[in-house]
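**Student:** To start, I am sharing the structure in question, which I have written as structure tokens.
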Amino acid sequence: MAPVVAEIALEYKDTFIVAKLNAINNPKTSLKYQVRGHPTYLVFQDEKVVKRFGGQTPKGEFVQNVLNAIDVEEN
Amino acid sequence: MKKLICSLLTLSLALFVLTASYAQEDADIDILRAADVNTDGMINILDLVLVAGFFGETPTEEQTLNPDINGDGKINILDLVLVASHFGETVRLPAVLEGVEPGGGSELIPNDSIMLMFDHPPEDITVSEGVFTITDNTVTITGPFTPGTLELTVTWADGSETRNYTIRQPADFMSSEPESGSELIPNDSITLTFDHPPEDVTVSEGVATITDNTVTITGPFTPGTLELTITWADDSETLNYTVRQSAALERVEPAVASELIPNDSITLTFDHPPEDVTVSEGVETITDNTVTITGPFTPGTLELTVTWADGSETLDYTVRQLVGLERVEPTVESELTVDGSITLTFDNPPKDVTVSEGVFTITGSTVTITGPFTPGTLELTITWADGSVAYTYTVAEPDTESPSITGGTISDGDEDVKAEAINSGALIEIAFSEEVSGTIALQTEAGDDVGWLGKIEGSKGTLELVKGKELDPETTYVIAGKVEDAAGNETDIDITFVTASAYDGIPIEVTDADFETVVLGSKIPIVVDFYKDG
């Protein structure tokens with residue numbers, strides 16, 4: 001999946017940022033957002049989680065989830 | 001001569017016979033007594049013989065028997081005739097006053113009696129005052145006589161006598177103060193009142209002073225039973241008293257003019273048990289020779305008057321308000337520094353303050369105790385005039401450790417710091433090991449201030465982005481400053497970091513430490529991929 005995320009990050013770098021957090025080394029944040037499975041994707045906007053999804057997600061669905069969450073229409 | 005005497009006798013007898021009846025009727029006692037030449041109470045031949053014996057002579061003054069009957073200076077036929085004329089008669093002897101008791105000039109009372117002693121029973125007695133009785137040779141004159149001057153004239157057949165006396169009013173006992181049966185102290189005085197001034201007063205105890213109708217008897221009287229007998233010219237009186245030992249104040253505790261608190265007590269010690277004790281304030285308790293007066297006394301000036309049977313005493317004190325502790329800071333059992341201080345606040349300024357450790361200063365109602373205190377457990381006892389308290393504190397070892405940087409958004413030597421993320425968070429934070437104060441600034445490598453707002457608060461330092469002063473990518477920055485802890489231990493802040501190149505679409509790595517700043521602080525939507533190694 002990592003190559004897909006990297007690909008999306010590069011492709012949508014002007015729309016959103018993609019960050020990575022090692023859940024094993026940073027349990028505090030995982031616990032705070034109740035992340036139990038991996039990978040889990042949380043979309044943050046204005047300090048709030050606006051979308052949460054996880055598992056093997058096709059690129060299109062991944063992008064659509066994010067764009068819908070941040071209320072951006074794809075051109 | 002014998003013839004002559006015989007002739008005279010004969011003549012006298014003839015004259016007697018001729019004049020007997022006449023002489024009997026007109027007998028003058030003086031003539032009779034003169035005719036009784038030998039003063040044997042009878043006019044007889046013996047008297048004639050005595051006249052005849054001195055016939056023709058002139059009587060001399062030395063003669064004890066005087067035959068000159070008619071007193072013409074010659075002893076002659078006329079004298080014989082006078083004897084003869086009363087021949088055979090008896091002559092009453094003249095009563096001569098021999099003595100008067102009491103003597104003239106004496107002082108009497110109205111009912112006194114005066115005795116006049118004669119050598120013979122007097123006759124035809126009259127007295128100018130009083131009533132007389134005659135017993136043999138004695139005339140007794142009894143009163144009542146009128147008080148004042150008595151000019152007593154006693155007249156009897158053979159003479160009269162005037163004697164002067166002073167009749168005084170007898171004094172009767174009226175009352176005594178205190179009354180008989182009362183209780184006295186040794187130096188008391190007893191006053192006796194009479195209806196008239198008494199005379200010749202004597203007392204069995206004490207000293208008597210007489211003023212008009214009053215006799216004052218002063219002690220000291222011997223403690224115990226007093227049987228006091230007063231004797232005066234007219235009578236005597238016995239009064240019974242009990243003389244108790246008087247109580248004198250010996251000492252007072254606390255001393256007069258001292259400062260008291262409302263519930264203090266005052267102790268008065270007497271030399272003997274006092275009686276009838278009253279006090280103007282407080283409550284008295286008497287135990288033997290001691291009187292204890294307990295409050296509560298009203299704060300202010302106390303003028304305490306103690307009265308007992310033998311005296312009174314006024315004791316002046318100042319009663320001050322009790323001082324109570326209201327609060328203590330810091331809280332008991334908390335931790336202090338060696339040079340810390342403890343403040344006690346009272347409701348009124350405390351007095352006589354002592355502390356077991358440290359040095360205290362008093363300002364109004366506040367006592368401040370300052371160290372240095374010995375590290376460890378501090379058992380601190382504070383005592384003041386009205387109480388004491390004991391507190392326990394823990395005195396910490398001196399802080400000699402400088403504050404250290406324990407974390408933050410950036411660490412010294414960080415590279416590839418994501419400038420966009422920090423700019424989007426607009427904040428750089430630095431965590432210290434303890435509360436500090438000081439300054440912090442974001443500088444360029446050359447030492448120029450970038451313009452972020454630096455602030456030190458608590459155990460955190462912050463640098464806040466000022467719009468237009470965002471971090472640039474691929475630039476070296478220095479977070480510089482200096483902080484110090486409460487003990488004055490200083491630490492220089494010198495954190496150098498280098499920003500990464502601008503976001504190029506490569507996912508950025510975040511951690512627990514910078515998640516809040518980078519992710520939550522981001523102004524751009526951000527997708528976080530929670531992944532697991534491998």
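Each chain of the structure tokens is named A, B, ... in the order shown, its residues numbered from 1; ligands are numbered from 1 in display order.
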Only residues of chain B matter here; which ones have an atom within 8 Å of chain A, counting only C-alpha atoms? Give them as a PyMOL selection string.
**Tutor:** chain B and resi 503-512+515+519-533
**Student:** Using the chain letters and numbers from this document, which residues of chain A does DSSP assign to strand (DSSP E or B), as a list of chain:residue names?
**Tutor:**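 So the strand (DSSP E or B) residues in chain A would be A:Ile17, A:Val18, A:Ala19, A:Lys20, A:Leu21, A:Asn22, A:Thr40, A:Tyr41, A:Leu42, A:Val43, A:Phe44, A:Gln45, A:Lys48, A:Val49, A:Val50, A:Lys51, A:Arg52, A:Phe53, A:Gly54.
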**Student:** Quick one: residues within 7 Å of Val51 of chain B, only C-alpha atoms counted, chain neighbours fewer than 4 positions away excluded, as a PyMOL selection string?
**Tutor:** chain B and resi 47+55+67+75+79-80
**Student:** Could the residues in this selection be written to a file with all heavy atoms, as an mmCIF file, in the first residue's frame?
**Tutor:**
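Result written to result25.cif:
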```cif
data_model
loop_
_atom_site.group_PDB
_atom_site.id
_atom_site.type_symbol
_atom_site.label_atom_id
_atom_site.label_comp_id
_atom_site.auth_asym_id
_atom_site.auth_seq_id
_atom_site.Cartn_x
_atom_site.Cartn_y
_atom_site.Cartn_z
ATOM 1 N N ASP B 47 -19.799 74.804 191.859
ATOM 2 C CA ASP B 47 -19.633 76.015 191.049
ATOM 3 C C ASP B 47 -19.528 77.250 191.953
ATOM 4 O O ASP B 47 -18.730 78.156 191.695
ATOM 5 C CB ASP B 47 -20.831 76.165 190.105
ATOM 6 C CG ASP B 47 -20.934 74.959 189.186
ATOM 7 O OD1 ASP B 47 -19.904 74.600 188.528
ATOM 8 O OD2 ASP B 47 -22.017 74.345 189.086
ATOM 9 N N PHE B 55 -12.975 84.777 194.181
ATOM 10 C CA PHE B 55 -13.701 86.006 194.476
ATOM 11 C C PHE B 55 -12.742 87.186 194.572
ATOM 12 O O PHE B 55 -11.714 87.117 195.227
ATOM 13 C CB PHE B 55 -14.503 85.833 195.791
ATOM 14 C CG PHE B 55 -15.564 86.884 195.970
ATOM 15 C CD1 PHE B 55 -16.830 86.682 195.426
ATOM 16 C CD2 PHE B 55 -15.313 88.080 196.648
ATOM 17 C CE1 PHE B 55 -17.807 87.658 195.620
ATOM 18 C CE2 PHE B 55 -16.291 89.044 196.801
ATOM 19 C CZ PHE B 55 -17.564 88.824 196.275
ATOM 20 N N PRO B 67 -14.707 81.649 186.414
ATOM 21 C CA PRO B 67 -15.753 81.984 187.392
ATOM 22 C C PRO B 67 -16.386 83.336 187.148
ATOM 23 O O PRO B 67 -17.299 83.740 187.853
ATOM 24 C CB PRO B 67 -14.980 81.991 188.734
ATOM 25 C CG PRO B 67 -13.647 81.396 188.436
ATOM 26 C CD PRO B 67 -13.355 81.688 187.032
ATOM 27 N N ILE B 75 -14.553 88.947 189.311
ATOM 28 C CA ILE B 75 -15.233 87.840 189.997
ATOM 29 C C ILE B 75 -15.706 88.393 191.336
ATOM 30 O O ILE B 75 -14.894 88.692 192.219
ATOM 31 C CB ILE B 75 -14.279 86.651 190.195
ATOM 32 C CG1 ILE B 75 -13.737 86.175 188.827
ATOM 33 C CG2 ILE B 75 -14.974 85.487 190.920
ATOM 34 C CD1 ILE B 75 -12.573 85.223 188.911
ATOM 35 N N ASP B 79 -21.373 87.482 190.317
ATOM 36 C CA ASP B 79 -21.152 86.142 189.787
ATOM 37 C C ASP B 79 -21.721 85.096 190.730
ATOM 38 O O ASP B 79 -22.328 84.111 190.299
ATOM 39 C CB ASP B 79 -19.650 85.901 189.566
ATOM 40 C CG ASP B 79 -19.071 86.904 188.562
ATOM 41 O OD1 ASP B 79 -19.693 87.088 187.472
ATOM 42 O OD2 ASP B 79 -18.015 87.481 188.830
ATOM 43 N N LEU B 80 -21.491 85.373 192.040
ATOM 44 C CA LEU B 80 -22.057 84.444 193.016
ATOM 45 C C LEU B 80 -23.572 84.408 192.903
ATOM 46 O O LEU B 80 -24.202 83.353 192.985
ATOM 47 C CB LEU B 80 -21.653 84.862 194.442
ATOM 48 C CG LEU B 80 -20.241 84.431 194.896
ATOM 49 C CD1 LEU B 80 -19.927 85.052 196.245
ATOM 50 C CD2 LEU B 80 -20.182 82.916 194.988
#
```
**Student:** For atom CA of Pro350 of chain B and atom CA of Val256 of chain B, determine how far apart the two atoms are, in Å to one decimal place.
**Tutor:** 22.1 Å
**Student:** I'd like the contact shell of Val139 of chain B - 7 Å cut-off, only C-alpha atoms, skipping same-chain residues fewer than 4 positions apart - returned as a list in words.
**Tutor:** Met115, Leu116, Met117, Phe132, Thr133, Ile134 and Thr135 of chain B
**Student:** For the selection you just gave me, I'd like the residues written to a file as a tab-separated table (two decimals), in the first residue's frame, keeping N, CA, C and O atoms.
**Tutor:**
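Saved to again11.tsv:
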```
chain	number	residue	atom	x	y	z
B	115	MET	N	-22.34	63.78	156.33
B	115	MET	CA	-22.43	63.50	157.78
B	115	MET	C	-21.67	64.57	158.56
B	115	MET	O	-20.55	64.92	158.20
B	116	LEU	N	-22.34	65.07	159.58
B	116	LEU	CA	-21.72	66.03	160.49
B	116	LEU	C	-21.58	65.35	161.85
B	116	LEU	O	-22.55	64.81	162.40
B	117	MET	N	-20.37	65.32	162.34
B	117	MET	CA	-20.10	64.66	163.63
B	117	MET	C	-19.91	65.75	164.71
B	117	MET	O	-19.09	66.65	164.52
B	132	PHE	N	-32.35	65.76	157.05
B	132	PHE	CA	-31.36	65.28	158.02
B	132	PHE	C	-31.98	64.26	158.96
B	132	PHE	O	-33.18	64.23	159.20
B	133	THR	N	-31.11	63.40	159.44
B	133	THR	CA	-31.47	62.47	160.52
B	133	THR	C	-30.36	62.56	161.54
B	133	THR	O	-29.19	62.78	161.18
B	134	ILE	N	-30.75	62.38	162.80
B	134	ILE	CA	-29.76	62.49	163.88
B	134	ILE	C	-29.64	61.13	164.53
B	134	ILE	O	-30.63	60.50	164.89
B	135	THR	N	-28.46	60.68	164.65
B	135	THR	CA	-28.17	59.45	165.38
B	135	THR	C	-27.04	59.77	166.35
B	135	THR	O	-25.90	59.98	165.91
```
**Student:** Using only C-alpha atoms, which of the listed residues (B:Thr162, B:Asn423, B:Ser113, B:Ser175) sits closest to Phe145 of chain B?
**Tutor:** B:Ser113
**Student:** Write down as a PyMOL selection string the residues belonging to segment 2-75 of chain A that are assigned helix (DSSP H, G or I) by DSSP computed on the backbone.
**Tutor:** chain A and resi 2-11+27-32+59-69
